[in-house]
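Participant: I am sharing start20.cif, which consists of mmCIF, C-alpha atoms:
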```cif
data_entry
loop_
_atom_site.label_atom_id
_atom_site.label_comp_id
_atom_site.auth_asym_id
_atom_site.auth_seq_id
_atom_site.Cartn_x
_atom_site.Cartn_y
_atom_site.Cartn_z
CA MET A 1461 13.15 3.56 10.36
CA LYS A 1462 13.07 1.00 7.58
CA LEU A 1463 10.43 2.27 5.17
CA LEU A 1464 8.93 0.05 2.48
CA HIS A 1465 7.86 2.54 -0.22
CA VAL A 1466 5.64 1.01 -2.92
CA ASP A 1467 4.54 2.92 -6.04
CA SER A 1468 1.95 1.54 -8.46
CA SER A 1469 0.99 4.35 -10.84
CA PRO A 1470 1.56 3.62 -14.54
CA LYS A 1471 1.93 7.35 -15.28
CA ARG A 1472 5.56 7.49 -14.21
CA GLU A 1473 6.81 11.12 -14.24
CA ARG A 1474 3.27 12.50 -14.68
CA SER A 1475 1.97 10.68 -11.62
CA ASN A 1476 0.49 12.71 -8.79
CA SER A 1477 0.61 9.78 -6.37
CA ARG A 1478 4.33 9.30 -7.00
CA ALA A 1479 4.99 13.01 -6.52
CA LEU A 1480 3.06 13.06 -3.25
CA ALA A 1481 4.94 10.00 -1.99
CA ARG A 1482 8.26 11.71 -2.74
CA TYR A 1483 7.00 14.79 -0.91
CA PHE A 1484 6.17 12.69 2.17
CA VAL A 1485 9.66 11.20 2.19
CA GLU A 1486 11.11 14.71 2.00
CA CYS A 1487 8.90 15.75 4.92
CA LEU A 1488 10.18 12.84 7.01
CA ARG A 1489 13.77 13.82 6.28
CA GLU A 1490 13.02 17.43 7.22
CA GLN A 1491 11.81 16.06 10.57
CA ASN A 1492 15.21 14.32 10.96
CA VAL A 1493 13.74 10.86 10.66
CA SER A 1494 16.53 8.41 9.86
CA LEU A 1495 15.32 6.44 6.84
CA ASP A 1496 16.40 3.17 5.31
CA ILE A 1497 14.18 3.01 2.22
CA ASP A 1498 13.28 -0.25 0.51
CA TYR A 1499 11.73 0.96 -2.74
CA LEU A 1500 9.45 -1.13 -4.94
CA ASP A 1501 7.93 0.07 -8.22
CA LEU A 1502 5.19 -2.39 -9.08
CA THR A 1503 4.97 -1.16 -12.67
CA LEU A 1504 8.59 -2.16 -13.29
CA THR A 1505 8.62 -5.38 -11.28
CA PRO A 1506 4.98 -6.48 -11.08
CA PRO A 1507 4.20 -9.44 -8.84
CA ALA A 1508 2.79 -12.40 -10.71
CA HIS A 1509 -0.94 -12.94 -10.51
CA ILE A 1510 -1.64 -16.07 -8.52
CA ASP A 1511 -2.28 -19.25 -10.48
CA GLU A 1512 -3.16 -22.86 -9.72
CA SER A 1513 0.36 -23.93 -8.72
CA PHE A 1514 0.67 -20.96 -6.35
CA THR A 1515 -2.70 -21.67 -4.74
CA ILE A 1516 -1.99 -25.38 -4.23
CA ALA A 1517 1.44 -24.65 -2.76
CA ALA A 1518 0.25 -21.82 -0.51
CA TYR A 1519 -2.40 -23.99 1.12
CA THR A 1520 -0.13 -26.99 1.57
CA PRO A 1521 1.44 -27.04 5.08
CA THR A 1522 5.07 -25.94 4.97
CA VAL A 1523 6.44 -29.31 6.10
CA GLN A 1524 4.57 -31.08 3.26
CA ARG A 1525 5.64 -28.86 0.37
CA THR A 1526 7.75 -30.22 -2.42
CA PRO A 1527 10.73 -28.31 -3.84
CA ALA A 1528 8.56 -27.41 -6.85
CA MET A 1529 5.96 -25.92 -4.53
CA GLU A 1530 8.57 -23.87 -2.71
CA GLN A 1531 9.84 -22.63 -6.06
CA ALA A 1532 6.33 -21.57 -7.07
CA LEU A 1533 6.06 -19.57 -3.85
CA ALA A 1534 9.59 -18.18 -3.79
CA PRO A 1535 8.86 -14.67 -5.20
CA SER A 1536 5.90 -14.29 -2.84
CA THR A 1537 7.94 -15.53 0.11
CA ALA A 1538 10.67 -12.99 -0.64
CA LEU A 1539 8.08 -10.22 -0.90
CA CYS A 1540 6.54 -11.25 2.41
CA GLN A 1541 9.96 -11.04 4.03
CA ARG A 1542 10.42 -7.48 2.76
CA VAL A 1543 7.05 -6.60 4.28
CA LEU A 1544 7.85 -8.26 7.61
CA ASP A 1545 11.24 -6.55 7.82
CA ALA A 1546 9.82 -3.04 7.39
CA ASP A 1547 9.08 -0.67 10.26
CA ALA A 1548 6.67 1.43 8.19
CA PHE A 1549 4.80 1.31 4.90
CA LEU A 1550 4.21 4.01 2.30
CA PHE A 1551 1.81 2.82 -0.39
CA ALA A 1552 1.03 5.27 -3.21
CA MET A 1553 -1.50 4.58 -5.93
CA PRO A 1554 -4.13 6.09 -8.20
CA MET A 1555 -7.72 4.96 -8.01
CA HIS A 1556 -8.53 2.82 -11.06
CA ASN A 1557 -12.23 2.26 -11.65
CA PHE A 1558 -13.14 2.84 -8.00
CA SER A 1559 -10.41 0.55 -6.58
CA TYR A 1560 -6.65 -0.05 -6.77
CA PRO A 1561 -4.54 -0.77 -9.88
CA SER A 1562 -4.34 -4.43 -10.86
CA VAL A 1563 -0.60 -4.58 -10.02
CA PHE A 1564 -1.42 -3.58 -6.45
CA LYS A 1565 -4.07 -6.29 -6.24
CA ALA A 1566 -1.38 -8.77 -7.30
CA PHE A 1567 0.88 -7.33 -4.58
CA ILE A 1568 -1.84 -7.90 -1.98
CA ASP A 1569 -2.43 -11.47 -3.18
CA ASN A 1570 1.29 -12.20 -2.85
CA ILE A 1571 1.70 -10.84 0.68
CA ILE A 1572 -1.36 -12.37 2.34
CA ARG A 1573 0.25 -15.68 3.23
CA ALA A 1574 -0.64 -18.17 5.94
CA GLU A 1575 2.20 -18.84 8.41
CA LEU A 1576 4.00 -15.71 7.19
CA THR A 1577 1.88 -12.56 7.38
CA TYR A 1578 -0.99 -14.19 9.24
CA VAL A 1579 -1.31 -17.22 11.46
CA PRO A 1580 -4.53 -19.25 11.63
CA GLY A 1581 -5.89 -19.96 15.09
CA SER A 1582 -9.07 -21.77 15.98
CA PRO A 1583 -11.68 -22.05 13.20
CA GLY A 1584 -12.53 -18.58 11.96
CA GLU A 1585 -9.71 -16.94 13.93
CA TYR A 1586 -6.64 -15.36 12.32
CA PHE A 1587 -3.74 -13.37 13.73
CA GLY A 1588 -2.10 -10.77 11.51
CA GLN A 1589 1.64 -10.45 11.98
CA LEU A 1590 2.08 -6.82 10.89
CA VAL A 1591 1.08 -5.23 14.16
CA ARG A 1592 4.05 -2.89 14.71
CA GLN A 1593 4.29 -1.11 11.35
CA LYS A 1594 3.13 2.44 10.74
CA THR A 1595 1.17 2.61 7.49
CA LEU A 1596 0.27 5.41 5.10
CA PHE A 1597 -1.83 5.07 1.96
CA ILE A 1598 -1.58 7.92 -0.54
CA THR A 1599 -4.30 7.75 -3.18
CA THR A 1600 -5.29 10.02 -6.03
CA ARG A 1601 -8.83 10.12 -7.38
CA GLY A 1602 -9.96 11.60 -10.68
CA THR A 1603 -13.14 12.95 -9.14
CA ASP A 1604 -14.05 14.16 -5.66
CA MET A 1605 -15.24 11.32 -3.43
CA ARG A 1606 -15.11 13.11 -0.12
CA ALA A 1607 -18.07 12.70 2.24
CA GLY A 1608 -21.11 14.53 0.95
CA MET A 1609 -20.04 14.48 -2.68
CA PRO A 1610 -22.28 12.75 -5.28
CA LEU A 1611 -19.83 9.87 -5.90
CA SER A 1612 -18.63 9.35 -2.33
CA HIS A 1613 -20.54 6.04 -2.13
CA MET A 1614 -18.48 4.61 -5.02
CA ASP A 1615 -15.16 4.58 -3.16
CA ALA A 1616 -14.38 0.86 -3.05
CA LEU A 1617 -10.67 1.57 -2.59
CA THR A 1618 -10.60 2.68 1.04
CA PRO A 1619 -12.66 -0.17 2.56
CA SER A 1620 -10.83 -2.76 0.49
CA LEU A 1621 -7.42 -1.54 1.67
CA LYS A 1622 -8.58 -1.46 5.28
CA ALA A 1623 -9.94 -5.01 5.02
CA ALA A 1624 -6.94 -6.57 3.28
CA PHE A 1625 -4.27 -4.96 5.43
CA GLY A 1626 -6.32 -5.22 8.60
CA PHE A 1627 -6.43 -8.98 8.07
CA ILE A 1628 -2.63 -9.14 8.25
CA GLY A 1629 -2.43 -6.92 11.31
CA ILE A 1630 -2.42 -3.27 10.17
CA GLN A 1631 -4.62 -1.22 12.44
CA ASN A 1632 -5.53 2.46 12.02
CA PRO A 1633 -3.61 3.17 8.79
CA ALA A 1634 -3.40 6.80 7.69
CA PHE A 1635 -5.02 7.84 4.41
CA VAL A 1636 -4.26 10.93 2.34
CA ASN A 1637 -6.56 11.11 -0.67
CA ALA A 1638 -5.87 13.79 -3.28
CA GLN A 1639 -9.16 14.55 -5.00
CA PRO A 1640 -10.30 15.70 -7.52
CA THR A 1641 -7.36 15.44 -9.93
CA GLN A 1642 -7.91 14.01 -13.42
CA PHE A 1643 -11.46 15.25 -14.01
CA ALA A 1644 -11.18 18.74 -12.57
CA ALA A 1645 -10.12 22.22 -13.60
CA ALA A 1646 -6.47 23.13 -12.99
CA GLN A 1647 -7.33 25.31 -10.00
CA GLU A 1648 -9.30 22.53 -8.32
CA ARG A 1649 -6.51 20.02 -8.99
CA GLU A 1650 -3.95 22.29 -7.35
CA LYS A 1651 -6.20 22.82 -4.33
CA ALA A 1652 -6.55 19.06 -3.99
CA LEU A 1653 -2.81 18.51 -4.15
CA GLU A 1654 -2.16 21.33 -1.69
CA ARG A 1655 -4.62 19.79 0.78
CA ALA A 1656 -2.82 16.48 0.41
CA ARG A 1657 0.61 18.02 0.93
CA GLY A 1658 -0.61 19.68 4.13
CA GLN A 1659 -1.93 16.38 5.46
CA LEU A 1660 1.32 14.61 4.56
CA ALA A 1661 3.39 17.21 6.39
CA ASP A 1662 1.26 16.68 9.50
CA ILE A 1663 1.65 12.88 9.32
CA ALA A 1664 5.42 13.22 8.92
CA LYS A 1665 5.55 15.30 12.12
CA LYS A 1666 3.47 12.68 13.92
CA TRP A 1667 5.72 9.84 12.76
CA ALA A 1668 8.80 11.79 13.83
CA LEU A 1669 7.39 12.23 17.35
CA GLU A 1670 6.58 8.51 17.58
CA GLN A 1671 10.09 7.29 16.75
#
```
Mind converting the file's structure to structure tokens?
Facilitator:
Amino acid sequence: MKLLHVDSSPKRERSNSRALARYFVECLREQNVSLDIDYLDLTLTPPAHIDESFTIAAYTPTVQRTPAMEQALAPSTALCQRVLDADAFLFAMPMHNFSYPSVFKAFIDNIIRAELTYVPGSPGEYFGQLVRQKTLFITTRGTDMRAGMPLSHMDALTPSLKAAFGFIGIQNPAFVNAQPTQFAAAQEREKALERARGQLADIAKKWALEQ
């Protein structure tokens, strides 16, 4: 299994999302899943935010692009190829102000590309190209946003991820959300992380059976 593992927490060694992602990889290996890991740390190599030259080039048909346009798109094109080559995705991130970190938004903007990760059909019709990849999102939230909690309605992260990745073909991604972490007592934080580790172990077993 070629696994594209993407981390986006700025906390580095103190990051819960990074630790949980490493735990999931360990669980896969314990299930004897053969892994070829393509690792990307967005805090060390952040994708560029899209600008005017990128936008013009991206919406110019491939056969009409100039060399300068292709150069403007080159990092995005390479990133799209890494995504297309993967068999599975592991995306780990903290929730920042109810959504994803800005580096992950830049990642999304770089991999949603016409004629690469999606193909336009008739007007209003689009075909995502990432239909075969297993996908897991690991998120950490400072407060508890589970159903029934006072701030559950403020989770903009989950629907945004489902919409963006669904557009390029990802259906039924798995989510493991560790919550509460930052704004909770130590005992509650550990309970949240333990719940997440249990869920990750179960997903690893499922992936192993589906090889």
Participant: Go through the shown structure with the PyMOL selection byres ((chain A and resi 1500) around 12) and write out the matching residues as a PDB file with C-alpha atoms, in the coordinates of the input.
Facilitator:
```
ATOM      1  CA  LEU A1463      10.430   2.270   5.170  1.00  0.00           C
ATOM      2  CA  LEU A1464       8.930   0.050   2.480  1.00  0.00           C
ATOM      3  CA  HIS A1465       7.860   2.540  -0.220  1.00  0.00           C
ATOM      4  CA  VAL A1466       5.640   1.010  -2.920  1.00  0.00           C
ATOM      5  CA  ASP A1467       4.540   2.920  -6.040  1.00  0.00           C
ATOM      6  CA  SER A1468       1.950   1.540  -8.460  1.00  0.00           C
ATOM      7  CA  SER A1469       0.990   4.350 -10.840  1.00  0.00           C
ATOM      8  CA  ARG A1478       4.330   9.300  -7.000  1.00  0.00           C
ATOM      9  CA  ILE A1497      14.180   3.010   2.220  1.00  0.00           C
ATOM     10  CA  ASP A1498      13.280  -0.250   0.510  1.00  0.00           C
ATOM     11  CA  TYR A1499      11.730   0.960  -2.740  1.00  0.00           C
ATOM     12  CA  ASP A1501       7.930   0.070  -8.220  1.00  0.00           C
ATOM     13  CA  LEU A1502       5.190  -2.390  -9.080  1.00  0.00           C
ATOM     14  CA  THR A1503       4.970  -1.160 -12.670  1.00  0.00           C
ATOM     15  CA  LEU A1504       8.590  -2.160 -13.290  1.00  0.00           C
ATOM     16  CA  THR A1505       8.620  -5.380 -11.280  1.00  0.00           C
ATOM     17  CA  PRO A1506       4.980  -6.480 -11.080  1.00  0.00           C
ATOM     18  CA  PRO A1507       4.200  -9.440  -8.840  1.00  0.00           C
ATOM     19  CA  LEU A1539       8.080 -10.220  -0.900  1.00  0.00           C
ATOM     20  CA  ARG A1542      10.420  -7.480   2.760  1.00  0.00           C
ATOM     21  CA  VAL A1543       7.050  -6.600   4.280  1.00  0.00           C
ATOM     22  CA  PHE A1549       4.800   1.310   4.900  1.00  0.00           C
ATOM     23  CA  LEU A1550       4.210   4.010   2.300  1.00  0.00           C
ATOM     24  CA  PHE A1551       1.810   2.820  -0.390  1.00  0.00           C
ATOM     25  CA  ALA A1552       1.030   5.270  -3.210  1.00  0.00           C
ATOM     26  CA  VAL A1563      -0.600  -4.580 -10.020  1.00  0.00           C
ATOM     27  CA  PHE A1564      -1.420  -3.580  -6.450  1.00  0.00           C
ATOM     28  CA  PHE A1567       0.880  -7.330  -4.580  1.00  0.00           C
TER      29      PHE A1567
END
```
Participant: Calculate how many Å separate CA of Ile1568 in chain A from CA of Ala1616 in chain A, rounding to one decimal.
Facilitator: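 Value for the CA of Ile1568 in chain A-CA of Ala1616 in chain A distance: 15.3 Å.
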Participant: Which residues are close to Gln1541 in chain A, i.e. within 9 Å by all atoms listed in the file, leaving aside same-chain residues fewer than 6 positions away? Reply as a ChimeraX atom specification.
Facilitator: /A:1571,1576-1577
Participant: For the selection you just gave me, I'd like the residues written to a file as a short mmCIF file (atom, residue, chain, number, x, y, z; two decimals), in the frame of the given file, keeping C-alpha atoms.
Facilitator:
```
data_model
loop_
_atom_site.label_atom_id
_atom_site.label_comp_id
_atom_site.auth_asym_id
_atom_site.auth_seq_id
_atom_site.Cartn_x
_atom_site.Cartn_y
_atom_site.Cartn_z
CA ILE A 1571 1.70 -10.84 0.68
CA LEU A 1576 4.00 -15.71 7.19
CA THR A 1577 1.88 -12.56 7.38
#
```
Participant: Between A:Ala1664, A:Ala1566, A:Met1555, A:Leu1669, which has the minimum distance to Ala1638 in chain A (counting all atoms listed in the file)?
Facilitator: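 Selected residue with least distance to Ala1638 in chain A: A:Met1555.
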Participant: With all atoms listed in the file as the basis for distance, which of A:Thr1537, A:Val1493, A:Arg1601, A:Ala1517 is at the shortest distance from Ser1475 in chain A?
Facilitator: A:Arg1601
Participant: Could you check the closest approach to Thr1600 in chain A for each of A:Gln1531, A:Gln1659, A:Thr1641, A:Ser1513 and tell me which residue wins, using all atoms listed in the file?
Facilitator: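 That would be A:Thr1641, the residue with the smallest distance to Thr1600 in chain A.
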Participant: Rounded to one decimal place, report the CA of Asp1547 in chain A-CA of Met1461 in chain A distance in Å.
Facilitator: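 According to the coordinates, CA of Asp1547 in chain A and CA of Met1461 in chain A are separated by 5.9 Å.
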Participant: Using all atoms listed in the file, find the one residue out of A:Thr1515, A:Gln1593, A:Thr1603, A:Asn1476 that sits nearest to Gly1626 in chain A.
Facilitator: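 Residue with the minimum atom-to-atom distance to Gly1626 in chain A: A:Gln1593.
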Participant: Which residues are near range 1643-1658 of chain A? Cut-off 10 Å, all atoms listed in the file, ignore same chain within fewer than 4 positions. Put them as a list of chain:residue names.
Facilitator: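 After dropping sequence-adjacent residues, the list is A:Asn1476, A:Ser1477, A:Ala1479, A:Leu1480, A:Ala1481, A:Tyr1483, A:Phe1484, A:Cys1487, A:Ile1598, A:Thr1599, A:Thr1600, A:Arg1601, A:Gly1602, A:Thr1603, A:Asp1604, A:Phe1635, A:Val1636, A:Asn1637, A:Ala1638, A:Gln1639, A:Asp1662, A:Ile1663.
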Participant: Go through A:Gly1588, A:Leu1495, A:Gly1581, A:Arg1482 one by one, measure the shortest atom-to-atom distance of each to Ala1623 in chain A using all atoms listed in the file, and give the residue with the smallest value.
Facilitator: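 Going through A:Gly1588, A:Leu1495, A:Gly1581, A:Arg1482 one by one, the smallest distance to Ala1623 in chain A is for A:Gly1588.
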Participant: Quick one: residues within 8 Å of Asp1615 in chain A, all atoms listed in the file, excluding same-chain residues fewer than 5 positions away - as a list in words?
Facilitator: Phe1558, Ser1559 and Met1605 of chain A
Participant: State, in Å with one decimal place, the distance from CA of Pro1583 in chain A to CA of Gln1524 in chain A.
Facilitator: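 It comes out at 21.1 Å.
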Participant: Which residue out of A:Ser1620, A:Ser1612, A:Val1579, A:Cys1540 has the minimum interatomic distance to Lys1565 in chain A when only C-alpha atoms are used?
Facilitator: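 Checking each candidate against Lys1565 in chain A, we get A:Ser1620 as the closest.
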Participant: Apply the PyMOL selection byres ((chain A and resi 1630) around 6) to the displayed file and report the matching residues as a list in words.
Facilitator: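 When the PyMOL selection byres ((chain A and resi 1630) around 6) is applied to the shown file, the picked residues are Leu1590, Val1591, Phe1625, Gly1626, Gly1629 and Gln1631 of chain A.
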Participant: Enumerate, as an mmCIF file with C-alpha atoms, in the coordinates of the input, the residues matched when the PyMOL selection byres ((chain A and resi 1519) around 12) is run on the file above.
Facilitator:
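Contents of expr.cif, freshly written:
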```
data_model
loop_
_atom_site.group_PDB
_atom_site.id
_atom_site.type_symbol
_atom_site.label_atom_id
_atom_site.label_comp_id
_atom_site.auth_asym_id
_atom_site.auth_seq_id
_atom_site.Cartn_x
_atom_site.Cartn_y
_atom_site.Cartn_z
ATOM 1 C CA GLU A 1512 -3.160 -22.860 -9.720
ATOM 2 C CA SER A 1513 0.360 -23.930 -8.720
ATOM 3 C CA PHE A 1514 0.670 -20.960 -6.350
ATOM 4 C CA THR A 1515 -2.700 -21.670 -4.740
ATOM 5 C CA ILE A 1516 -1.990 -25.380 -4.230
ATOM 6 C CA ALA A 1517 1.440 -24.650 -2.760
ATOM 7 C CA ALA A 1518 0.250 -21.820 -0.510
ATOM 8 C CA THR A 1520 -0.130 -26.990 1.570
ATOM 9 C CA PRO A 1521 1.440 -27.040 5.080
ATOM 10 C CA THR A 1522 5.070 -25.940 4.970
ATOM 11 C CA VAL A 1523 6.440 -29.310 6.100
ATOM 12 C CA GLN A 1524 4.570 -31.080 3.260
ATOM 13 C CA ARG A 1525 5.640 -28.860 0.370
ATOM 14 C CA MET A 1529 5.960 -25.920 -4.530
ATOM 15 C CA GLU A 1530 8.570 -23.870 -2.710
ATOM 16 C CA LEU A 1533 6.060 -19.570 -3.850
ATOM 17 C CA ILE A 1572 -1.360 -12.370 2.340
ATOM 18 C CA ARG A 1573 0.250 -15.680 3.230
ATOM 19 C CA ALA A 1574 -0.640 -18.170 5.940
ATOM 20 C CA GLU A 1575 2.200 -18.840 8.410
ATOM 21 C CA PRO A 1580 -4.530 -19.250 11.630
#
```
